[in-house]
Amino acid sequence: MSSLTDRTDDVRITEEPLTFEMSEEWRRQWQEFEHFIERMYHFLCYAVPVEVVNYDEFPEPIAKAMKVMTANGATHVLYMSMSSIPDYQKEYGIPVHKMSQVTKLLLTLMRKSDYNWFHEKCKQTIAHYNHLCQFLEDYADKVTMPKLEVPKYDQDKTTPFMTSCVSAVRDWKEARYDSETKITKMLPFRCIVPHPARTPWGRTVRERKILTKEEYEDDETEHLVIFEMFSDDGLMANLHHLKEMFDIQDAWERATVALGAMNARFYPKEDTKK
């Protein structure tokens, strides 16, 4: 017959937490995750099909250049925000991303907070080093080669929102472009930028060129820029959903406010002591 002690070996009596806390690593990754979403929204643009664009709304030189570019294959006009699109065209606005910008933001995020990226990078570089050590083992008397080992994978260093975010953006990218084979899987929109100087990606090569007075006066044609942009296709909605799903601090704050309001209205302090 087992004793009471035997039956309670795996039982741990603990007090329920009274304050909301999160680990420093969780908090740091969450801040980077939120910042990433903010930056993605900052660079989000809108593409309007050229078929619904009224060229009369643009200065004549720009309109003339836009018509030429449309005849040469441009498919959309790019706007930097929904508010800059004329009201009658807003329903046609398609949220789009510049692939190189998404890649840059994702890489920055992973370099700052993605444990899986760090571990995989470490594993690859150490494997390369160990391979060279074997190759040069006959020269051990000339080169001291300390042994290196990949740290054991630590699941506690990962967070579900960071893993899900990186996976969602990678899936979006890979569905459109294969970075290894350099093959485009989905054709991008070829977007005319009526005001290149206003893009969030900085000035173009042509804008950085300093023209002489004679060159400027002879340059009668308005030179615009075409960017290849990819449809958002639900990416930002997915990231926003992840933020809502894992925002435990916001949920805690809302819950405590609701609880406080209910206690103040229905359970005065003298009653809650009972």
# chains A, B, ... in the order shown; residues from 1 in each chain; ligands from 1

call {"tool": "select_by_dssp", "arguments": {"residues": "stretch 48-94 of chain A", "states": "alpha helix (DSSP H)", "output": "VMD selection string"}}
result
chain A and resid 60 to 71

call {"tool": "write_last_selection", "arguments": {"atoms": "C-alpha atoms", "output": "short mmCIF file (atom, residue, chain, number, x, y, z; two decimals), in the first residue's frame"}}
result
data_model
loop_
_atom_site.label_atom_id
_atom_site.label_comp_id
_atom_site.auth_asym_id
_atom_site.auth_seq_id
_atom_site.Cartn_x
_atom_site.Cartn_y
_atom_site.Cartn_z
CA GLU A 60 1.16 67.90 -68.17
CA PRO A 61 4.84 66.78 -68.31
CA ILE A 62 4.20 64.06 -65.73
CA ALA A 63 0.98 62.92 -67.41
CA LYS A 64 2.78 62.74 -70.75
CA ALA A 65 5.57 60.60 -69.27
CA MET A 66 3.06 58.37 -67.48
CA LYS A 67 1.23 57.63 -70.74
CA VAL A 68 4.52 56.68 -72.41
CA MET A 69 5.43 54.36 -69.53
CA THR A 70 1.97 52.78 -69.60
CA ALA A 71 2.39 52.09 -73.31
#

call {"tool": "closest_atom_pairs", "arguments": {"of": "stretch 91-113 of chain A", "to": "stretch 177-192 of chain A", "cutoff": "12 Å", "atoms": "only C-alpha atoms", "output": "JSON lines"}}
result
{"residue": "A:Ile94", "atom": "CA", "partner": "A:Phe189", "partner_atom": "CA", "distance": 10.2}
{"residue": "A:Pro95", "atom": "CA", "partner": "A:Phe189", "partner_atom": "CA", "distance": 11.1}
{"residue": "A:Val96", "atom": "CA", "partner": "A:Phe189", "partner_atom": "CA", "distance": 8.7}
{"residue": "A:His97", "atom": "CA", "partner": "A:Pro188", "partner_atom": "CA", "distance": 9.7}
{"residue": "A:Lys98", "atom": "CA", "partner": "A:Pro188", "partner_atom": "CA", "distance": 9.4}
{"residue": "A:Met99", "atom": "CA", "partner": "A:Tyr177", "partner_atom": "CA", "distance": 8.7}
{"residue": "A:Ser100", "atom": "CA", "partner": "A:Ser179", "partner_atom": "CA", "distance": 10.8}
{"residue": "A:Thr103", "atom": "CA", "partner": "A:Ser179", "partner_atom": "CA", "distance": 10.2}

call {"tool": "write_last_selection", "arguments": {"atoms": "N, CA and C atoms", "output": "short mmCIF file (atom, residue, chain, number, x, y, z; two decimals), in the first residue's frame"}}
result
data_model
loop_
_atom_site.label_atom_id
_atom_site.label_comp_id
_atom_site.auth_asym_id
_atom_site.auth_seq_id
_atom_site.Cartn_x
_atom_site.Cartn_y
_atom_site.Cartn_z
N ILE A 94 -4.59 48.81 -54.12
CA ILE A 94 -4.11 47.49 -53.67
C ILE A 94 -2.87 47.68 -52.80
N PRO A 95 -2.89 47.23 -51.56
CA PRO A 95 -1.68 47.36 -50.72
C PRO A 95 -0.54 46.53 -51.30
N VAL A 96 0.63 47.13 -51.40
CA VAL A 96 1.77 46.46 -52.02
C VAL A 96 3.05 46.70 -51.22
N HIS A 97 4.02 45.82 -51.45
CA HIS A 97 5.32 45.91 -50.79
C HIS A 97 6.44 45.87 -51.83
N LYS A 98 7.53 46.50 -51.51
CA LYS A 98 8.76 46.39 -52.30
C LYS A 98 9.54 45.22 -51.72
N MET A 99 9.81 44.21 -52.53
CA MET A 99 10.41 42.98 -52.03
C MET A 99 11.72 43.21 -51.31
N SER A 100 12.59 44.04 -51.85
CA SER A 100 13.89 44.27 -51.22
C SER A 100 13.74 44.92 -49.85
N THR A 103 12.62 42.23 -47.37
CA THR A 103 13.78 41.40 -47.07
C THR A 103 14.70 42.09 -46.07
#

call {"tool": "closest_atom_pairs", "arguments": {"of": "stretch 26-129 of chain A", "to": "stretch 152-176 of chain A", "cutoff": "8 Å", "atoms": "only C-alpha atoms", "output": "JSON lines"}}
result
{"residue": "A:Trp26", "atom": "CA", "partner": "A:Thr159", "partner_atom": "CA", "distance": 6.7}
{"residue": "A:Gln29", "atom": "CA", "partner": "A:Met162", "partner_atom": "CA", "distance": 7.0}
{"residue": "A:Trp30", "atom": "CA", "partner": "A:Met162", "partner_atom": "CA", "distance": 7.7}
{"residue": "A:Phe33", "atom": "CA", "partner": "A:Met162", "partner_atom": "CA", "distance": 6.6}
{"residue": "A:Met99", "atom": "CA", "partner": "A:Lys173", "partner_atom": "CA", "distance": 7.6}
{"residue": "A:Leu106", "atom": "CA", "partner": "A:Val166", "partner_atom": "CA", "distance": 7.3}
{"residue": "A:Met110", "atom": "CA", "partner": "A:Val166", "partner_atom": "CA", "distance": 7.7}
{"residue": "A:Ser113", "atom": "CA", "partner": "A:Met162", "partner_atom": "CA", "distance": 7.7}
{"residue": "A:Asp114", "atom": "CA", "partner": "A:Met162", "partner_atom": "CA", "distance": 6.6}
{"residue": "A:Tyr115", "atom": "CA", "partner": "A:Thr158", "partner_atom": "CA", "distance": 5.8}
{"residue": "A:Asn116", "atom": "CA", "partner": "A:Thr158", "partner_atom": "CA", "distance": 7.3}
{"residue": "A:His119", "atom": "CA", "partner": "A:Tyr153", "partner_atom": "CA", "distance": 7.3}

call {"tool": "write_last_selection", "arguments": {"atoms": "N, CA and C atoms", "output": "short mmCIF file (atom, residue, chain, number, x, y, z; two decimals), in the first residue's frame"}}
result
data_model
loop_
_atom_site.label_atom_id
_atom_site.label_comp_id
_atom_site.auth_asym_id
_atom_site.auth_seq_id
_atom_site.Cartn_x
_atom_site.Cartn_y
_atom_site.Cartn_z
N TRP A 26 11.49 37.77 -23.40
CA TRP A 26 10.15 37.88 -24.00
C TRP A 26 9.83 39.34 -24.29
N GLN A 29 11.97 40.70 -27.27
CA GLN A 29 11.52 40.19 -28.56
C GLN A 29 10.17 40.78 -28.94
N TRP A 30 9.31 40.99 -27.94
CA TRP A 30 8.01 41.59 -28.24
C TRP A 30 8.17 43.01 -28.75
N PHE A 33 9.30 42.83 -32.29
CA PHE A 33 8.17 42.36 -33.10
C PHE A 33 7.22 43.52 -33.42
N MET A 99 9.81 44.21 -52.53
CA MET A 99 10.41 42.98 -52.03
C MET A 99 11.72 43.21 -51.31
N LEU A 106 13.03 42.13 -42.59
CA LEU A 106 13.02 40.79 -41.99
C LEU A 106 14.40 40.39 -41.50
N MET A 110 15.47 39.40 -37.66
CA MET A 110 16.09 38.13 -37.29
C MET A 110 17.44 38.34 -36.62
N SER A 113 16.50 39.44 -32.94
CA SER A 113 15.68 38.72 -31.97
C SER A 113 15.34 37.27 -32.28
N ASP A 114 15.65 36.77 -33.46
CA ASP A 114 15.21 35.42 -33.80
C ASP A 114 16.26 34.38 -33.37
N TYR A 115 15.98 33.67 -32.29
CA TYR A 115 16.91 32.67 -31.77
C TYR A 115 17.18 31.58 -32.81
N ASN A 116 16.15 31.19 -33.55
CA ASN A 116 16.32 30.13 -34.56
C ASN A 116 17.31 30.56 -35.64
N HIS A 119 20.85 30.40 -34.11
CA HIS A 119 21.31 29.02 -33.90
C HIS A 119 21.69 28.38 -35.23
#

call {"tool": "residues_around", "arguments": {"residues": "A:Tyr88", "least_positions_apart": "3", "cutoff": "12 Å", "atoms": "only C-alpha atoms", "output": "list in words"}}
result
Val48, Val52, Val53, Asn54, Met82, Ser83, Ser84, Ile85, Glu91, Tyr92 and Gly93 of chain A

call {"tool": "residues_around", "arguments": {"residues": "A:Met40", "least_positions_apart": "4", "cutoff": "8 Å", "atoms": "only C-alpha atoms", "output": "list in words"}}
result
Phe36, Leu44, Val102, Leu105 and Met236 of chain A

call {"tool": "write_last_selection", "arguments": {"atoms": "N, CA and C atoms", "output": "compact mmCIF listing (two decimals), in the first residue's frame"}}
result
# COMPACT_ATOMS: atom_id res chain seq x y z
N PHE A 36 8.87 45.93 -35.84
CA PHE A 36 8.88 45.38 -37.20
C PHE A 36 7.55 45.66 -37.90
N LEU A 44 4.50 50.42 -46.45
CA LEU A 44 3.37 49.90 -47.23
C LEU A 44 2.86 50.97 -48.18
N VAL A 102 11.09 44.52 -47.77
CA VAL A 102 10.61 43.48 -46.85
C VAL A 102 11.76 42.58 -46.42
N LEU A 105 13.92 44.46 -43.85
CA LEU A 105 13.28 44.53 -42.53
C LEU A 105 13.29 43.18 -41.84
N MET A 236 -0.15 41.80 -44.04
CA MET A 236 -0.28 42.69 -42.89
C MET A 236 -1.42 42.27 -41.97

call {"tool": "atom_distance", "arguments": {"atom1": "atom CA of A:Leu107", "atom2": "atom CA of A:Glu34"}}
result
15.1 Å

call {"tool": "atom_distance", "arguments": {"atom1": "atom CA of A:Asp247", "atom2": "atom CA of A:Glu25"}}
result
15.0 Å

call {"tool": "select_by_dssp", "arguments": {"residues": "stretch 68-224 of chain A", "states": "strand (DSSP E or B)", "output": "ChimeraX atom specification"}}
result
/A:76-79,94-97,177-178,183-184,189-193

call {"tool": "closest_residue", "arguments": {"among": "A:Arg254, A:Arg28, A:Lys142, A:Lys147", "to": "A:Asn130", "atoms": "only C-alpha atoms"}}
result
A:Lys147

call {"tool": "closest_residue", "arguments": {"among": "A:Tyr46, A:Leu109, A:Lys121, A:Ala261", "to": "A:Lys90", "atoms": "only C-alpha atoms"}}
result
A:Tyr46

call {"tool": "atom_distance", "arguments": {"atom1": "atom CA of A:Ala237", "atom2": "atom CA of A:Pro200"}}
result
21.2 Å

call {"tool": "closest_residue", "arguments": {"among": "A:Val193, A:Leu148, A:Ala258, A:Ala140", "to": "A:His128", "atoms": "only C-alpha atoms"}}
result
A:Leu148

call {"tool": "closest_residue", "arguments": {"among": "A:Ile37, A:Ala127, A:Ala74, A:Val50", "to": "A:Leu224", "atoms": "only C-alpha atoms"}}
result
A:Ala74

call {"tool": "decode", "arguments": {"residues": "stretch 91-135 of chain A", "atoms": "C-alpha atoms", "output": "compact mmCIF listing (two decimals), in the first residue's frame"}}
result
# COMPACT_ATOMS: atom_id res chain seq x y z
CA GLU A 91 -11.68 51.21 -53.97
CA TYR A 92 -9.09 50.16 -56.56
CA GLY A 93 -6.09 50.70 -54.28
CA ILE A 94 -4.11 47.49 -53.67
CA PRO A 95 -1.68 47.36 -50.72
CA VAL A 96 1.77 46.46 -52.02
CA HIS A 97 5.32 45.91 -50.79
CA LYS A 98 8.76 46.39 -52.30
CA MET A 99 10.41 42.98 -52.03
CA SER A 100 13.89 44.27 -51.22
CA GLN A 101 12.49 46.41 -48.41
CA VAL A 102 10.61 43.48 -46.85
CA THR A 103 13.78 41.40 -47.07
CA LYS A 104 15.79 44.12 -45.37
CA LEU A 105 13.28 44.53 -42.53
CA LEU A 106 13.02 40.79 -41.99
CA LEU A 107 16.77 40.34 -41.89
CA THR A 108 17.08 43.16 -39.36
CA LEU A 109 14.41 41.54 -37.20
CA MET A 110 16.09 38.13 -37.29
CA ARG A 111 19.51 39.58 -36.51
CA LYS A 112 18.08 41.25 -33.44
CA SER A 113 15.68 38.72 -31.97
CA ASP A 114 15.21 35.42 -33.80
CA TYR A 115 16.91 32.67 -31.77
CA ASN A 116 16.32 30.13 -34.56
CA TRP A 117 18.19 32.34 -37.04
CA PHE A 118 21.14 32.75 -34.64
CA HIS A 119 21.31 29.02 -33.90
CA GLU A 120 21.16 28.02 -37.57
CA LYS A 121 23.78 30.64 -38.50
CA CYS A 122 26.02 29.42 -35.70
CA LYS A 123 25.59 25.80 -36.75
CA GLN A 124 26.50 26.55 -40.36
CA THR A 125 29.58 28.63 -39.59
CA ILE A 126 30.89 26.18 -36.99
CA ALA A 127 30.37 23.30 -39.42
CA HIS A 128 32.41 25.19 -42.00
CA TYR A 129 35.15 25.86 -39.44
CA ASN A 130 35.27 22.22 -38.33
CA HIS A 131 35.50 21.13 -41.96
CA LEU A 132 38.53 23.36 -42.45
CA CYS A 133 40.06 22.00 -39.23
CA GLN A 134 39.87 18.49 -40.65
CA PHE A 135 41.28 19.67 -43.95
